[in-house]
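Colleague: Would you mind keeping the following structure in view while I ask a few things?
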Amino acid sequence: MIDQNNPKPSYWWSMFHLRCPRCRRGNIFKHDNPYKKLSINYMLELNKQCPVCSQNLDLGSGFWFGTVYIGYAVGVIFSGITFLVWWLTIGVSFEDNRLIYWMLVNAILNFLIQPYFTRLSRWILISFFIHYDSNWQNEKSITLT
């Protein structure tokens, strides 16, 4: 039963806003802005539990190694999208330096958005193991350890 005052958040909204996969409401990271303090520990600091549904988010020390592969895939998809946009708006030619300019712009964009991509990769990995539960208010949280 869906509460009309609190409707189910969409999958895409919860993914791009990095919300708990179980309730889609609580923030899984302690800090909303990964760019506020340029520290890896600050950028990737997770809550131990979801602040809304109390889902355990501390899944072990070796759990997050899989985010490297997901982060690589996210970067490749982003690069493909920027190439497509560049090709459709500016064009690609081997007779001038447009391809090199795209590579430079893409590298800068990838560098600047990397903290968000790293967080997104963590969300994607954790969502493989923790799924949305419409009845999360009445059930205990899932523990994977």
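Convention: chains lettered A, B, ... in structure tokens order; per-chain residue numbering from 1; ligands numbered from 1 as shown.
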Could you build a table of the residues in stretch 52-111 of chain A lying no more than 12 Å from stretch 27-45 of chain A, giving for each the nearest pair of atoms and their separation in Å rounded to one decimal place, using only C-alpha atoms, ordered by chain and ascending residue number, as CSV?
Modeller:
residue,atom,partner,partner_atom,distance
A:Val52,CA,A:Asn27,CA,8.3
A:Cys53,CA,A:Asn27,CA,10.5
A:Ser54,CA,A:Ile28,CA,10.5
A:Gln55,CA,A:Ile28,CA,9.6
A:Asn56,CA,A:Ile28,CA,9.9
A:Leu57,CA,A:Ile28,CA,7.4
A:Asp58,CA,A:Ile28,CA,10.1
A:Trp64,CA,A:Leu44,CA,10.7
A:Thr67,CA,A:Leu44,CA,11.8
Colleague: Now that the selection is made, can you save its residues with C-alpha atoms as a compact mmCIF listing (two decimals), in the first residue's frame?
Modeller:
# COMPACT_ATOMS: atom_id res chain seq x y z
CA VAL A 52 15.33 6.69 7.24
CA CYS A 53 14.91 2.90 7.21
CA SER A 54 17.97 1.81 9.27
CA GLN A 55 19.23 -0.47 6.48
CA ASN A 56 22.79 -1.60 7.22
CA LEU A 57 25.07 0.09 4.65
CA ASP A 58 28.39 -1.11 6.06
CA TRP A 64 33.59 -1.85 -2.47
CA THR A 67 33.09 -0.25 -7.82
Colleague: Would you give me, as a Markdown table, each residue of stretch 102-129 of chain A having an atom within 12 Å of an atom of stretch 7-11 of chain A, along with its shortest atom pair and that distance in Å to one decimal, using only C-alpha atoms and sorting by chain and residue number?
Modeller:
| residue | atom | partner | partner_atom | distance |
| --- | --- | --- | --- | --- |
| A:Trp123 | CA | A:Tyr11 | CA | 11.7 |
| A:Ile124 | CA | A:Tyr11 | CA | 11.3 |
| A:Ser127 | CA | A:Tyr11 | CA | 10.4 |
Colleague: Interatomic distance between atom CA of A:Gly71 and atom CA of A:Arg119?
Modeller: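 Interatomic distance, atom CA of A:Gly71 to atom CA of A:Arg119: 8.9 Å.
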Colleague: Fewer than 5 positions away in the same chain doesn't count, so skip those; otherwise give me all residues within 12 Å of A:Ile81, counting only C-alpha atoms, as a list in words.
Modeller: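 Listing them by chain and then by number gives Val74, Gly75, Val76, Trp86, Trp87, Leu88, Trp102, Asn106, Leu109 and Asn110 of chain A.
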Colleague: Nearest residue to A:His131 out of A:Arg24, A:Val92, A:His17, A:Leu99, using only C-alpha atoms?
Modeller: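 Distance minimum relative to A:His131 lands on A:Arg24.
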Colleague: Do a neighbour search on A:Tyr72 at 10 Å with only C-alpha atoms, toss out local chain neighbours closer than 4 positions, and write the hits as a PyMOL selection string.
Modeller: chain A and resi 67-68+76-78+117-118+121
Colleague: Could you pull out all residues of stretch 3-97 of chain A with a DSSP call of helix (DSSP H, G or I) and give them as a VMD selection string?
Modeller: chain A and resid 11 to 16 40 to 43 63 to 89
Colleague: For the residues in that selection, give me C-alpha atoms as a PDB file, in the first residue's frame.
Modeller:
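Final output, again.pdb:
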ATOM      1  CA  TYR A  11      14.296   4.382  -9.267  1.00  0.00           C
ATOM      2  CA  TRP A  12      16.078   6.967 -11.417  1.00  0.00           C
ATOM      3  CA  TRP A  13      15.565   9.768  -8.900  1.00  0.00           C
ATOM      4  CA  SER A  14      16.951   7.653  -6.074  1.00  0.00           C
ATOM      5  CA  MET A  15      19.894   6.567  -8.224  1.00  0.00           C
ATOM      6  CA  PHE A  16      20.982  10.041  -9.327  1.00  0.00           C
ATOM      7  CA  ILE A  40      38.832  10.840  -0.492  1.00  0.00           C
ATOM      8  CA  ASN A  41      37.604   9.941   3.003  1.00  0.00           C
ATOM      9  CA  TYR A  42      35.222  12.912   3.005  1.00  0.00           C
ATOM     10  CA  MET A  43      33.894  12.207  -0.511  1.00  0.00           C
ATOM     11  CA  PHE A  63      32.823  -5.108  -0.644  1.00  0.00           C
ATOM     12  CA  TRP A  64      33.591  -1.852  -2.468  1.00  0.00           C
ATOM     13  CA  PHE A  65      36.382  -3.208  -4.720  1.00  0.00           C
ATOM     14  CA  GLY A  66      33.761  -3.961  -7.369  1.00  0.00           C
ATOM     15  CA  THR A  67      33.090  -0.252  -7.820  1.00  0.00           C
ATOM     16  CA  VAL A  68      36.293   0.028  -9.852  1.00  0.00           C
ATOM     17  CA  TYR A  69      34.727  -1.978 -12.686  1.00  0.00           C
ATOM     18  CA  ILE A  70      31.400  -0.178 -12.449  1.00  0.00           C
ATOM     19  CA  GLY A  71      33.190   3.197 -12.374  1.00  0.00           C
ATOM     20  CA  TYR A  72      35.093   2.256 -15.508  1.00  0.00           C
ATOM     21  CA  ALA A  73      31.846   1.361 -17.283  1.00  0.00           C
ATOM     22  CA  VAL A  74      30.227   4.630 -16.143  1.00  0.00           C
ATOM     23  CA  GLY A  75      33.230   6.582 -17.471  1.00  0.00           C
ATOM     24  CA  VAL A  76      33.109   4.785 -20.825  1.00  0.00           C
ATOM     25  CA  ILE A  77      29.358   5.440 -21.157  1.00  0.00           C
ATOM     26  CA  PHE A  78      29.880   9.115 -20.275  1.00  0.00           C
ATOM     27  CA  SER A  79      32.685   9.383 -22.841  1.00  0.00           C
ATOM     28  CA  GLY A  80      30.481   7.782 -25.473  1.00  0.00           C
ATOM     29  CA  ILE A  81      27.700  10.260 -24.744  1.00  0.00           C
ATOM     30  CA  THR A  82      30.072  13.248 -24.912  1.00  0.00           C
ATOM     31  CA  PHE A  83      31.479  11.929 -28.198  1.00  0.00           C
ATOM     32  CA  LEU A  84      27.992  11.563 -29.647  1.00  0.00           C
ATOM     33  CA  VAL A  85      27.010  15.080 -28.543  1.00  0.00           C
ATOM     34  CA  TRP A  86      30.295  16.472 -29.912  1.00  0.00           C
ATOM     35  CA  TRP A  87      29.804  14.653 -33.210  1.00  0.00           C
ATOM     36  CA  LEU A  88      26.210  15.880 -33.613  1.00  0.00           C
ATOM     37  CA  THR A  89      26.947  19.502 -32.655  1.00  0.00           C
TER      38      THR A  89
END
Colleague: Quick check, in Å to one decimal: how far apart do atom CA of A:Cys50 and atom CA of A:Gln114 lie?
Modeller: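 Taking atom CA of A:Cys50 as the start and atom CA of A:Gln114 as the end point, the length is 23.8 Å.
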